[in-house]
Every structure is written in C-alpha cells, then in structure tokens.
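> The structure is given below, and queries will be raised subsequently.
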Amino acid sequence: MKLKLTTILLVFSVAISGFSQSMPFESKSIQEKYGENGKKNILSGPINHDNNRDMDDVWLHWDSGNNENGIGTNDGSTFTVAAHWEVGDLSAYNGDKISKVRVLIFEEGYSSIVLKIWTGANASNLVYQKQLTGINVGTWKETILSNDILINSNQELWVGYTVFNPIAGQFPAGADEGPANRGRGDMISFDESTWFSLADANPDLDYNWNIQFLATGNTTPVTADFSASQTSITAGESVTFTNLSSGADSYTWAFEGGSPSISSQQNPTVTYNNEGTFNVSLTAKSGTNEDVELKTDYITVGSSGGP
C-alpha cells in the first residue's frame with residue numbers, strides 16, 4: 001500500500017509562492033519492502049527528554065527507535081527533513097555537545113545525502129554539514145561530527161539531512177510507525193527556509209523521522225573559588241572580589257550585607273555600608289555542572305568612626 005500525500009499540494013501553493021511545481025510525496029511501509037514479517041531496526045529504549053538526567057551521554061530523538069516507513073517524492077524533487085527542538089526542550093542538556101548523529105535511510109535512489117545541523121527559528125543558521133558516504137540502506141548510519149556543536153537550550157535546534165535528486169517512486173527518508181510529534185519529529189522543507197509538519201500536511205503520514213543525536217555531557221570539572229582585595233574594612237568602603245574558579249562559564253555571587261547583594265559579574269566590586277560580619281558565596285557553572293564556594297564570616301565591617 002502506498003499513501004499519496006494529496007493535501008500537500010494545497011499547503012505549498014499557499015506557503016511557498018516561489019515554487020511553481022507541485023511537490024507530491026509517497027510513503028512505503030516496512031512490510032511492503034520486506035514482506036509481512038518485516039525488517040525492523042530497533043534501538044534501545046528511546047529517550048526524548050530526560051530532565052532528571054543521570055548519565056553523561058544520551059541519544060536524543062523524537063522517533064520511537066523503530067524503522068517502519070520510507071518517504072520519497074514521486075517527481076524527483078530534492079527535499080530536506082529534520083527533527084526540531086524548540087527553545088527550552090533541551091534545558092536539561094544546556095552546555096552539552098552534539099558529538100554524533102545517526103539517521104536511517106530506508107532505501108536507495110538518490111544522488112547524495114548531506115547531513116545538516118541548524119540553529120535558530122526556521123533553521124535559519126546552518127552550523128554543520130557533511131555528505132554521508134558508506135550508507136547501508138535499512139540500517140542506522142552513525143556519523144561522528146568533525147567538530148562538536150554546543151547545545152544552547154535558549155535557541156531552536158534542527159538536526160536532519162537533504163536528499164538530493166531522489167528517483168521518483170523511491171523512498172529514501174526513514175521514519176517510524178508514529179504517531180508524529182508534530183512540529184518536532186516530522187519537519188520537512190524544499191528550500192530550508194519554509195518548513196512544515198509532514199503529519200499536518202497529510203494525517204495519513206503521521207510519522208517521525210529516524211533522526212537522533214548524541215548529547216555528550218560536559219565532563220570538565222568545575223571548581224568555584226575566590227579571593228577579596230581586603231576582608232576587614234570600615235562601613236562605607238568597598239571590596240573587589242577576584243574570581244579564581246576553573247572550568248566554568250557563568251557565575252552567581254551572593255553578598256550578605258553588601259551592595260549589590262547579588263552579581264553575575266566575573267570580578268565584582270561590592271560596598272558595605274553597615275557594621276557586621278558577613279558571608280560571601282560564589283556559584284560557578286558550566287552546562288549542568290556546578291560548584292559552590294561559601295566563605296562564612298568572610299567580610300568584617302567596623303565602625304567608620306566620626307563624631
């Protein structure tokens with residue numbers, strides 16, 4: 001059974017005025033390709049999100065981990081598919097690195113396939129691309145990136161590939177059995193500018209692409225430490241703190257009795273207007289790793305004298 005994406009023609013006549021030709025899609029199931037017994041490529045349990053993270057490296061994806069379908073055009077149009085993570089989706093992995101990507105190509109019938117990673121709205125910023133070679137159709141193709149891509153959960157992330165010059169009637173883009181994580185696991189485009197959900201275009205193609213990436217935890221140890229220009233002062237004087245931390249890229253200070261009382265500067269200057277003995281703490285952080293240094297009764301403020 002082949003499912004034709006009939007409604008996609010209407011979607012593209014509205015959304016992409018620059019395309020003069022129609023862009024019909026077809027799908028092919030694993031049973032059609034290999035018979036009723038099928039041939040499945042099943043990975044270990046899928047991990048889409050893990051906000052209670054307890055491991056350094058983890059494969060992230062929207063698909064089930066199974067390959068059940070292939071998608072292709074019936075007119076040979078080049079197309080791009082991607083898995084998409086919105087702002088905040090990867091908050092548990094902020095600061096980690098994308099070190100590997102794996103995709104499943106369902107069957108042959110194309111001139112080339114190029115792996116791509118983008119950031120930003122509508123995949124506006126292409127940050128990595130590499131032509132895939134040595135593809136064995138029907139099995140996962142794992143690629144080690146030539147340079148790590150930093151995960152920033154404050155911006156969108158897109159991971160996918162472009163299928164160049166597919167042969168009409170062939171189905172290169174591997175997909176699972178669904179249902180689709182719409183707008184995330186099933187994104188597709190003809191120009192890498194205008195994207196749409198395959199399932200929204202045709203509910204019969206309710207699948208996620210077989211696209212996954214490895215988030216590698218930041219294993220650099222973080223150590224928080226600091227010193228002060230002086231620790232005994234009189235009221236109204238200021239202290240400059242020197243950050244001696246290592247392995248961190250963001251800092252949060254807390255100054256009991258000081259002004260300001262908190263700071264994110266690397267080496268802040270703080271004024272103490274009242275007498276007393278005060279604590280100072282520094283939290284140093286990189287990705288999911290952090291360390292806290294607390295110095296109790298660190299700053300002593302005496303009377304400024306006067307009449």
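Every chain in the structure tokens takes a letter, A first, then B, and so on in the order presented; its residues are numbered from 1, and the ligands are numbered from 1 following the presented order.
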Determine, counting only C-alpha atoms, which protein, DNA and RNA residues have an atom within 9 Å of an atom of Asn274 (chain A); residues of the same chain fewer than 6 positions away are not included. Present the result as a ChimeraX atom specification.

/A:234-236,257-258,301-303

> Between A:Leu214, A:Leu198, A:Ile262, A:Ile71, which is the closest to Thr283 (chain A) once you count only C-alpha atoms?

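Among the listed residues, A:Ile262 lies closest to Thr283 (chain A).
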
> Write out as an MDAnalysis selection string which residues come within 12 Å of Trp140 (chain A) when counting only C-alpha atoms, dropping same-chain ones fewer than 4 positions away.

chainID A and resid 40:43 65:67 101:107 132 134:136 173:175 210:213

> Can you tell me how far CA of Val292 (chain A) sits from CA of Ala224 (chain A), in Å to one decimal?

5.7 Å

> Would you please extract all strand (DSSP E or B) residues from region 75-243 of chain A, as assigned by DSSP on the backbone, and give them as a PDB file with N, CA and C atoms, in the first residue's frame?


```pdb
ATOM      1  N   PHE A  79      14.573  17.301  -1.337  1.00  0.00           N
ATOM      2  CA  PHE A  79      13.876  17.742  -0.133  1.00  0.00           C
ATOM      3  C   PHE A  79      14.769  17.535   1.086  1.00  0.00           C
ATOM      4  N   THR A  80      14.430  18.242   2.169  1.00  0.00           N
ATOM      5  CA  THR A  80      15.191  18.192   3.418  1.00  0.00           C
ATOM      6  C   THR A  80      14.263  17.822   4.557  1.00  0.00           C
ATOM      7  N   VAL A  81      14.711  16.915   5.417  1.00  0.00           N
ATOM      8  CA  VAL A  81      13.929  16.515   6.585  1.00  0.00           C
ATOM      9  C   VAL A  81      14.724  16.844   7.844  1.00  0.00           C
ATOM     10  N   ALA A  82      14.015  17.052   8.957  1.00  0.00           N
ATOM     11  CA  ALA A  82      14.701  17.422  10.195  1.00  0.00           C
ATOM     12  C   ALA A  82      13.866  17.071  11.411  1.00  0.00           C
ATOM     13  N   ALA A  83      14.560  16.766  12.498  1.00  0.00           N
ATOM     14  CA  ALA A  83      13.969  16.748  13.830  1.00  0.00           C
ATOM     15  C   ALA A  83      14.247  18.107  14.455  1.00  0.00           C
ATOM     16  N   HIS A  84      13.282  18.614  15.205  1.00  0.00           N
ATOM     17  CA  HIS A  84      13.304  20.013  15.635  1.00  0.00           C
ATOM     18  C   HIS A  84      13.062  20.090  17.139  1.00  0.00           C
ATOM     19  N   TRP A  85      13.938  20.824  17.830  1.00  0.00           N
ATOM     20  CA  TRP A  85      13.768  21.068  19.261  1.00  0.00           C
ATOM     21  C   TRP A  85      13.532  22.549  19.487  1.00  0.00           C
ATOM     22  N   LYS A  97      27.354  18.862  24.347  1.00  0.00           N
ATOM     23  CA  LYS A  97      27.802  18.922  22.961  1.00  0.00           C
ATOM     24  C   LYS A  97      27.140  17.824  22.138  1.00  0.00           C
ATOM     25  N   ILE A  98      26.844  18.140  20.883  1.00  0.00           N
ATOM     26  CA  ILE A  98      26.410  17.122  19.930  1.00  0.00           C
ATOM     27  C   ILE A  98      27.672  16.524  19.329  1.00  0.00           C
ATOM     28  N   SER A  99      27.933  15.270  19.634  1.00  0.00           N
ATOM     29  CA  SER A  99      29.163  14.636  19.159  1.00  0.00           C
ATOM     30  C   SER A  99      28.919  13.642  18.029  1.00  0.00           C
ATOM     31  N   LYS A 100      27.701  13.077  17.953  1.00  0.00           N
ATOM     32  CA  LYS A 100      27.371  12.113  16.909  1.00  0.00           C
ATOM     33  C   LYS A 100      25.931  12.325  16.457  1.00  0.00           C
ATOM     34  N   VAL A 101      25.653  11.947  15.220  1.00  0.00           N
ATOM     35  CA  VAL A 101      24.291  11.929  14.684  1.00  0.00           C
ATOM     36  C   VAL A 101      24.098  10.600  13.976  1.00  0.00           C
ATOM     37  N   ARG A 102      22.916  10.013  14.104  1.00  0.00           N
ATOM     38  CA  ARG A 102      22.609   8.817  13.328  1.00  0.00           C
ATOM     39  C   ARG A 102      21.243   8.972  12.670  1.00  0.00           C
ATOM     40  N   VAL A 103      21.165   8.504  11.444  1.00  0.00           N
ATOM     41  CA  VAL A 103      19.936   8.559  10.660  1.00  0.00           C
ATOM     42  C   VAL A 103      19.739   7.205   9.999  1.00  0.00           C
ATOM     43  N   LEU A 104      18.509   6.934   9.593  1.00  0.00           N
ATOM     44  CA  LEU A 104      18.236   5.696   8.876  1.00  0.00           C
ATOM     45  C   LEU A 104      17.684   6.031   7.498  1.00  0.00           C
ATOM     46  N   ILE A 105      18.414   5.599   6.468  1.00  0.00           N
ATOM     47  CA  ILE A 105      17.977   5.770   5.086  1.00  0.00           C
ATOM     48  C   ILE A 105      17.256   4.492   4.674  1.00  0.00           C
ATOM     49  N   SER A 112      22.816  12.021  -3.696  1.00  0.00           N
ATOM     50  CA  SER A 112      23.621  12.179  -2.486  1.00  0.00           C
ATOM     51  C   SER A 112      22.720  12.566  -1.329  1.00  0.00           C
ATOM     52  N   ILE A 113      23.254  12.359  -0.116  1.00  0.00           N
ATOM     53  CA  ILE A 113      22.569  12.771   1.108  1.00  0.00           C
ATOM     54  C   ILE A 113      23.569  13.544   1.954  1.00  0.00           C
ATOM     55  N   VAL A 114      23.168  14.729   2.410  1.00  0.00           N
ATOM     56  CA  VAL A 114      24.043  15.596   3.191  1.00  0.00           C
ATOM     57  C   VAL A 114      23.437  15.804   4.572  1.00  0.00           C
ATOM     58  N   LEU A 115      24.183  15.400   5.598  1.00  0.00           N
ATOM     59  CA  LEU A 115      23.786  15.616   6.982  1.00  0.00           C
ATOM     60  C   LEU A 115      23.918  17.095   7.319  1.00  0.00           C
ATOM     61  N   LYS A 116      22.943  17.648   8.061  1.00  0.00           N
ATOM     62  CA  LYS A 116      22.967  19.071   8.384  1.00  0.00           C
ATOM     63  C   LYS A 116      22.471  19.308   9.808  1.00  0.00           C
ATOM     64  N   ILE A 117      23.022  20.361  10.430  1.00  0.00           N
ATOM     65  CA  ILE A 117      22.558  20.831  11.732  1.00  0.00           C
ATOM     66  C   ILE A 117      22.379  22.340  11.633  1.00  0.00           C
ATOM     67  N   TRP A 118      21.230  22.814  12.116  1.00  0.00           N
ATOM     68  CA  TRP A 118      20.928  24.241  12.088  1.00  0.00           C
ATOM     69  C   TRP A 118      20.539  24.696  13.493  1.00  0.00           C
ATOM     70  N   THR A 119      20.602  26.008  13.718  1.00  0.00           N
ATOM     71  CA  THR A 119      20.051  26.616  14.917  1.00  0.00           C
ATOM     72  C   THR A 119      19.168  27.785  14.496  1.00  0.00           C
ATOM     73  N   ASN A 125      20.158  29.230  10.703  1.00  0.00           N
ATOM     74  CA  ASN A 125      21.615  29.274  10.798  1.00  0.00           C
ATOM     75  C   ASN A 125      22.191  27.870  10.629  1.00  0.00           C
ATOM     76  N   LEU A 126      22.766  27.594   9.467  1.00  0.00           N
ATOM     77  CA  LEU A 126      23.385  26.293   9.209  1.00  0.00           C
ATOM     78  C   LEU A 126      24.757  26.262   9.877  1.00  0.00           C
ATOM     79  N   VAL A 127      24.939  25.350  10.850  1.00  0.00           N
ATOM     80  CA  VAL A 127      26.189  25.320  11.614  1.00  0.00           C
ATOM     81  C   VAL A 127      27.048  24.101  11.293  1.00  0.00           C
ATOM     82  N   TYR A 128      26.485  23.124  10.569  1.00  0.00           N
ATOM     83  CA  TYR A 128      27.271  21.931  10.247  1.00  0.00           C
ATOM     84  C   TYR A 128      26.654  21.237   9.045  1.00  0.00           C
ATOM     85  N   GLN A 129      27.513  20.725   8.143  1.00  0.00           N
ATOM     86  CA  GLN A 129      27.035  19.882   7.060  1.00  0.00           C
ATOM     87  C   GLN A 129      28.142  18.941   6.611  1.00  0.00           C
ATOM     88  N   LYS A 130      27.744  17.749   6.203  1.00  0.00           N
ATOM     89  CA  LYS A 130      28.703  16.745   5.760  1.00  0.00           C
ATOM     90  C   LYS A 130      27.984  15.735   4.881  1.00  0.00           C
ATOM     91  N   GLN A 131      28.547  15.467   3.711  1.00  0.00           N
ATOM     92  CA  GLN A 131      27.957  14.457   2.839  1.00  0.00           C
ATOM     93  C   GLN A 131      28.174  13.075   3.444  1.00  0.00           C
ATOM     94  N   TRP A 140      21.020   1.869  10.538  1.00  0.00           N
ATOM     95  CA  TRP A 140      21.384   3.188  11.034  1.00  0.00           C
ATOM     96  C   TRP A 140      22.777   3.581  10.569  1.00  0.00           C
ATOM     97  N   LYS A 141      22.894   4.804  10.074  1.00  0.00           N
ATOM     98  CA  LYS A 141      24.171   5.383   9.675  1.00  0.00           C
ATOM     99  C   LYS A 141      24.594   6.362  10.762  1.00  0.00           C
ATOM    100  N   GLU A 142      25.661   6.021  11.484  1.00  0.00           N
ATOM    101  CA  GLU A 142      26.147   6.864  12.575  1.00  0.00           C
ATOM    102  C   GLU A 142      27.350   7.670  12.109  1.00  0.00           C
ATOM    103  N   THR A 143      27.329   8.961  12.389  1.00  0.00           N
ATOM    104  CA  THR A 143      28.389   9.865  11.960  1.00  0.00           C
ATOM    105  C   THR A 143      28.970  10.596  13.160  1.00  0.00           C
ATOM    106  N   ILE A 144      30.291  10.537  13.304  1.00  0.00           N
ATOM    107  CA  ILE A 144      30.986  11.326  14.319  1.00  0.00           C
ATOM    108  C   ILE A 144      31.248  12.708  13.734  1.00  0.00           C
ATOM    109  N   LEU A 145      30.808  13.751  14.413  1.00  0.00           N
ATOM    110  CA  LEU A 145      30.986  15.101  13.891  1.00  0.00           C
ATOM    111  C   LEU A 145      32.453  15.494  13.925  1.00  0.00           C
ATOM    112  N   SER A 146      32.887  16.213  12.896  1.00  0.00           N
ATOM    113  CA  SER A 146      34.278  16.668  12.835  1.00  0.00           C
ATOM    114  C   SER A 146      34.553  17.769  13.842  1.00  0.00           C
ATOM    115  N   ASN A 147      33.511  18.456  14.286  1.00  0.00           N
ATOM    116  CA  ASN A 147      33.630  19.421  15.379  1.00  0.00           C
ATOM    117  C   ASN A 147      32.350  19.375  16.198  1.00  0.00           C
ATOM    118  N   ASP A 148      32.498  19.448  17.521  1.00  0.00           N
ATOM    119  CA  ASP A 148      31.338  19.378  18.401  1.00  0.00           C
ATOM    120  C   ASP A 148      30.473  20.625  18.252  1.00  0.00           C
ATOM    121  N   ILE A 149      29.159  20.436  18.347  1.00  0.00           N
ATOM    122  CA  ILE A 149      28.199  21.535  18.309  1.00  0.00           C
ATOM    123  C   ILE A 149      27.645  21.720  19.715  1.00  0.00           C
ATOM    124  N   LEU A 150      27.778  22.924  20.263  1.00  0.00           N
ATOM    125  CA  LEU A 150      27.320  23.201  21.615  1.00  0.00           C
ATOM    126  C   LEU A 150      25.800  23.332  21.646  1.00  0.00           C
ATOM    127  N   LEU A 157      16.954  24.106  17.854  1.00  0.00           N
ATOM    128  CA  LEU A 157      17.931  23.200  17.259  1.00  0.00           C
ATOM    129  C   LEU A 157      17.231  22.330  16.229  1.00  0.00           C
ATOM    130  N   TRP A 158      17.873  22.163  15.067  1.00  0.00           N
ATOM    131  CA  TRP A 158      17.353  21.341  13.983  1.00  0.00           C
ATOM    132  C   TRP A 158      18.458  20.379  13.546  1.00  0.00           C
ATOM    133  N   VAL A 159      18.134  19.095  13.450  1.00  0.00           N
ATOM    134  CA  VAL A 159      19.087  18.081  13.009  1.00  0.00           C
ATOM    135  C   VAL A 159      18.420  17.268  11.906  1.00  0.00           C
ATOM    136  N   GLY A 160      19.077  17.167  10.744  1.00  0.00           N
ATOM    137  CA  GLY A 160      18.446  16.444   9.649  1.00  0.00           C
ATOM    138  C   GLY A 160      19.380  16.222   8.482  1.00  0.00           C
ATOM    139  N   TYR A 161      18.793  16.081   7.296  1.00  0.00           N
ATOM    140  CA  TYR A 161      19.593  15.841   6.103  1.00  0.00           C
ATOM    141  C   TYR A 161      18.796  16.211   4.859  1.00  0.00           C
ATOM    142  N   THR A 162      19.539  16.473   3.780  1.00  0.00           N
ATOM    143  CA  THR A 162      18.935  16.773   2.485  1.00  0.00           C
ATOM    144  C   THR A 162      19.115  15.578   1.564  1.00  0.00           C
ATOM    145  N   VAL A 163      18.034  15.183   0.906  1.00  0.00           N
ATOM    146  CA  VAL A 163      18.063  14.123  -0.101  1.00  0.00           C
ATOM    147  C   VAL A 163      18.089  14.796  -1.468  1.00  0.00           C
ATOM    148  N   PHE A 164      19.223  14.691  -2.162  1.00  0.00           N
ATOM    149  CA  PHE A 164      19.374  15.344  -3.454  1.00  0.00           C
ATOM    150  C   PHE A 164      18.954  14.403  -4.588  1.00  0.00           C
ATOM    151  N   ALA A 173      13.848   8.457   2.798  1.00  0.00           N
ATOM    152  CA  ALA A 173      13.826   9.042   4.141  1.00  0.00           C
ATOM    153  C   ALA A 173      13.129   8.113   5.125  1.00  0.00           C
ATOM    154  N   GLY A 174      13.883   7.521   6.047  1.00  0.00           N
ATOM    155  CA  GLY A 174      13.331   6.574   7.005  1.00  0.00           C
ATOM    156  C   GLY A 174      12.502   7.246   8.084  1.00  0.00           C
ATOM    157  N   ALA A 175      11.412   6.571   8.488  1.00  0.00           N
ATOM    158  CA  ALA A 175      10.515   7.094   9.518  1.00  0.00           C
ATOM    159  C   ALA A 175       9.992   5.947  10.371  1.00  0.00           C
ATOM    160  N   MET A 187       9.533  17.391  10.604  1.00  0.00           N
ATOM    161  CA  MET A 187       9.648  18.613   9.811  1.00  0.00           C
ATOM    162  C   MET A 187      10.271  18.331   8.442  1.00  0.00           C
ATOM    163  N   ILE A 188       9.797  19.080   7.436  1.00  0.00           N
ATOM    164  CA  ILE A 188      10.251  18.874   6.065  1.00  0.00           C
ATOM    165  C   ILE A 188      10.224  20.200   5.314  1.00  0.00           C
ATOM    166  N   SER A 189      11.121  20.348   4.334  1.00  0.00           N
ATOM    167  CA  SER A 189      11.221  21.599   3.584  1.00  0.00           C
ATOM    168  C   SER A 189      11.792  21.316   2.202  1.00  0.00           C
ATOM    169  N   TRP A 195       9.355  25.638   6.463  1.00  0.00           N
ATOM    170  CA  TRP A 195       9.244  24.275   6.971  1.00  0.00           C
ATOM    171  C   TRP A 195       7.787  23.976   7.315  1.00  0.00           C
ATOM    172  N   PHE A 196       7.429  22.711   7.233  1.00  0.00           N
ATOM    173  CA  PHE A 196       6.096  22.313   7.658  1.00  0.00           C
ATOM    174  C   PHE A 196       6.151  20.900   8.205  1.00  0.00           C
ATOM    175  N   SER A 197       5.110  20.554   8.948  1.00  0.00           N
ATOM    176  CA  SER A 197       4.988  19.228   9.535  1.00  0.00           C
ATOM    177  C   SER A 197       4.374  18.282   8.519  1.00  0.00           C
ATOM    178  N   TRP A 209      10.722  11.217  11.722  1.00  0.00           N
ATOM    179  CA  TRP A 209      11.926  10.806  11.004  1.00  0.00           C
ATOM    180  C   TRP A 209      12.857  10.031  11.926  1.00  0.00           C
ATOM    181  N   ILE A 211      15.862  10.150  13.040  1.00  0.00           N
ATOM    182  CA  ILE A 211      16.990  11.074  13.210  1.00  0.00           C
ATOM    183  C   ILE A 211      17.272  11.197  14.699  1.00  0.00           C
ATOM    184  N   GLN A 212      18.529  10.995  15.104  1.00  0.00           N
ATOM    185  CA  GLN A 212      18.895  11.053  16.514  1.00  0.00           C
ATOM    186  C   GLN A 212      20.279  11.684  16.657  1.00  0.00           C
ATOM    187  N   PHE A 213      20.529  12.307  17.811  1.00  0.00           N
ATOM    188  CA  PHE A 213      21.872  12.823  18.055  1.00  0.00           C
ATOM    189  C   PHE A 213      22.317  12.478  19.468  1.00  0.00           C
ATOM    190  N   LEU A 214      23.637  12.390  19.643  1.00  0.00           N
ATOM    191  CA  LEU A 214      24.222  12.054  20.938  1.00  0.00           C
ATOM    192  C   LEU A 214      24.622  13.328  21.661  1.00  0.00           C
ATOM    193  N   ALA A 215      24.005  13.561  22.818  1.00  0.00           N
ATOM    194  CA  ALA A 215      24.387  14.676  23.681  1.00  0.00           C
ATOM    195  C   ALA A 215      25.459  14.178  24.641  1.00  0.00           C
ATOM    196  N   THR A 216      26.638  14.752  24.520  1.00  0.00           N
ATOM    197  CA  THR A 216      27.768  14.359  25.351  1.00  0.00           C
ATOM    198  C   THR A 216      27.922  15.349  26.487  1.00  0.00           C
ATOM    199  N   THR A 223      35.264  24.056  39.453  1.00  0.00           N
ATOM    200  CA  THR A 223      35.695  24.361  40.815  1.00  0.00           C
ATOM    201  C   THR A 223      35.493  25.845  41.074  1.00  0.00           C
ATOM    202  N   PHE A 226      37.425  31.992  45.185  1.00  0.00           N
ATOM    203  CA  PHE A 226      37.599  33.432  45.010  1.00  0.00           C
ATOM    204  C   PHE A 226      38.443  33.988  46.149  1.00  0.00           C
ATOM    205  N   SER A 227      38.906  35.209  45.943  1.00  0.00           N
ATOM    206  CA  SER A 227      39.621  35.953  46.983  1.00  0.00           C
ATOM    207  C   SER A 227      39.072  37.367  47.015  1.00  0.00           C
ATOM    208  N   ALA A 228      39.472  38.133  48.028  1.00  0.00           N
ATOM    209  CA  ALA A 228      38.995  39.504  48.174  1.00  0.00           C
ATOM    210  C   ALA A 228      40.178  40.445  48.325  1.00  0.00           C
ATOM    211  N   SER A 232      38.799  43.046  55.984  1.00  0.00           N
ATOM    212  CA  SER A 232      38.449  43.881  57.144  1.00  0.00           C
ATOM    213  C   SER A 232      38.404  45.328  56.687  1.00  0.00           C
ATOM    214  N   ILE A 233      37.226  45.922  56.753  1.00  0.00           N
ATOM    215  CA  ILE A 233      37.042  47.282  56.259  1.00  0.00           C
ATOM    216  C   ILE A 233      36.187  48.062  57.245  1.00  0.00           C
ATOM    217  N   THR A 234      36.034  49.347  56.972  1.00  0.00           N
ATOM    218  CA  THR A 234      35.112  50.169  57.749  1.00  0.00           C
ATOM    219  C   THR A 234      33.873  50.440  56.908  1.00  0.00           C
ATOM    220  N   SER A 238      34.603  49.670  50.027  1.00  0.00           N
ATOM    221  CA  SER A 238      34.277  48.652  49.025  1.00  0.00           C
ATOM    222  C   SER A 238      35.339  47.567  48.984  1.00  0.00           C
ATOM    223  N   VAL A 239      34.913  46.396  48.507  1.00  0.00           N
ATOM    224  CA  VAL A 239      35.792  45.241  48.343  1.00  0.00           C
ATOM    225  C   VAL A 239      35.663  44.745  46.907  1.00  0.00           C
ATOM    226  N   THR A 240      36.804  44.484  46.267  1.00  0.00           N
ATOM    227  CA  THR A 240      36.798  43.874  44.939  1.00  0.00           C
ATOM    228  C   THR A 240      37.104  42.390  45.083  1.00  0.00           C
ATOM    229  N   PHE A 241      36.223  41.563  44.519  1.00  0.00           N
ATOM    230  CA  PHE A 241      36.375  40.113  44.606  1.00  0.00           C
ATOM    231  C   PHE A 241      36.974  39.584  43.302  1.00  0.00           C
ATOM    232  N   THR A 242      37.955  38.709  43.426  1.00  0.00           N
ATOM    233  CA  THR A 242      38.620  38.109  42.271  1.00  0.00           C
ATOM    234  C   THR A 242      38.171  36.658  42.127  1.00  0.00           C
ATOM    235  N   ASN A 243      37.622  36.345  40.975  1.00  0.00           N
ATOM    236  CA  ASN A 243      37.113  35.002  40.697  1.00  0.00           C
ATOM    237  C   ASN A 243      38.283  34.082  40.349  1.00  0.00           C
TER     238      ASN A 243
END
```

> Quick one: everything within 7 Å of Ser264 (chain A), counting only C-alpha atoms, minus sequence neighbours fewer than 4 positions away in the same chain. Send it as a VMD selection string.

chain A and resid 251 to 253

> Where in region 116-280 of chain A does DSSP assign alpha helix (DSSP H), given as a list in words?

Leu198, Ala199, Asp200 and Ala201 of chain A

> Generate a file of the selected residues that holds all heavy atoms, formatted as a PDB file, in the first residue's frame.


```pdb
ATOM      1  N   LEU A 198       5.037  17.168   8.264  1.00  0.00           N
ATOM      2  CA  LEU A 198       4.524  16.187   7.314  1.00  0.00           C
ATOM      3  C   LEU A 198       3.146  15.694   7.739  1.00  0.00           C
ATOM      4  O   LEU A 198       2.241  15.544   6.919  1.00  0.00           O
ATOM      5  CB  LEU A 198       5.500  15.014   7.213  1.00  0.00           C
ATOM      6  CG  LEU A 198       5.195  13.942   6.172  1.00  0.00           C
ATOM      7  CD1 LEU A 198       5.186  14.521   4.773  1.00  0.00           C
ATOM      8  CD2 LEU A 198       6.215  12.807   6.275  1.00  0.00           C
ATOM      9  N   ALA A 199       2.958  15.461   9.034  1.00  0.00           N
ATOM     10  CA  ALA A 199       1.679  14.956   9.521  1.00  0.00           C
ATOM     11  C   ALA A 199       0.572  15.994   9.394  1.00  0.00           C
ATOM     12  O   ALA A 199      -0.589  15.643   9.172  1.00  0.00           O
ATOM     13  CB  ALA A 199       1.813  14.509  10.969  1.00  0.00           C
ATOM     14  N   ASP A 200       0.906  17.276   9.540  1.00  0.00           N
ATOM     15  CA  ASP A 200      -0.108  18.310   9.375  1.00  0.00           C
ATOM     16  C   ASP A 200      -0.534  18.428   7.919  1.00  0.00           C
ATOM     17  O   ASP A 200      -1.672  18.788   7.617  1.00  0.00           O
ATOM     18  CB  ASP A 200       0.418  19.662   9.868  1.00  0.00           C
ATOM     19  CG  ASP A 200       0.412  19.749  11.382  1.00  0.00           C
ATOM     20  OD1 ASP A 200      -0.261  18.914  12.018  1.00  0.00           O
ATOM     21  OD2 ASP A 200       1.083  20.641  11.925  1.00  0.00           O
ATOM     22  N   ALA A 201       0.389  18.152   6.995  1.00  0.00           N
ATOM     23  CA  ALA A 201       0.047  18.204   5.579  1.00  0.00           C
ATOM     24  C   ALA A 201      -0.851  17.045   5.183  1.00  0.00           C
ATOM     25  O   ALA A 201      -1.751  17.195   4.360  1.00  0.00           O
ATOM     26  CB  ALA A 201       1.316  18.196   4.732  1.00  0.00           C
TER      27      ALA A 201
END
```

> Restricting the calculation to only C-alpha atoms: of A:Thr133, A:Asn122, A:Thr277, A:Asn154, which residue gets closest to Thr231 (chain A)?

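Comparing A:Thr133, A:Asn122, A:Thr277, A:Asn154 against Thr231 (chain A), the winner is A:Thr277.
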
> Pick out the closest residue to Thr73 (chain A) from this set: A:Ala121, A:Leu205, A:Val58, A:Ala168. Count only C-alpha atoms.

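The shortest atom-to-atom distance to Thr73 (chain A) comes from A:Ala168.
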
> Tell me which of A:Thr194, A:Arg182, A:Gly287, A:Ser229 sits closest to Pro268 (chain A), counting only C-alpha atoms.

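Between A:Thr194, A:Arg182, A:Gly287, A:Ser229, the residue approaching Pro268 (chain A) most closely is A:Ser229.
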
> Quick one: distance from CA of Ser245 (chain A) to CA of Val280 (chain A) in Å, one decimal?

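A separation of 14.5 Å between them.
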
> Given only C-alpha atoms as the basis, pick out the residue of A:Ala180, A:Ala92, A:Ile167, A:Ala123 nearest to Glu192 (chain A).

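Looking only at the distances to Glu192 (chain A), the closest residue turns out to be A:Ala123.
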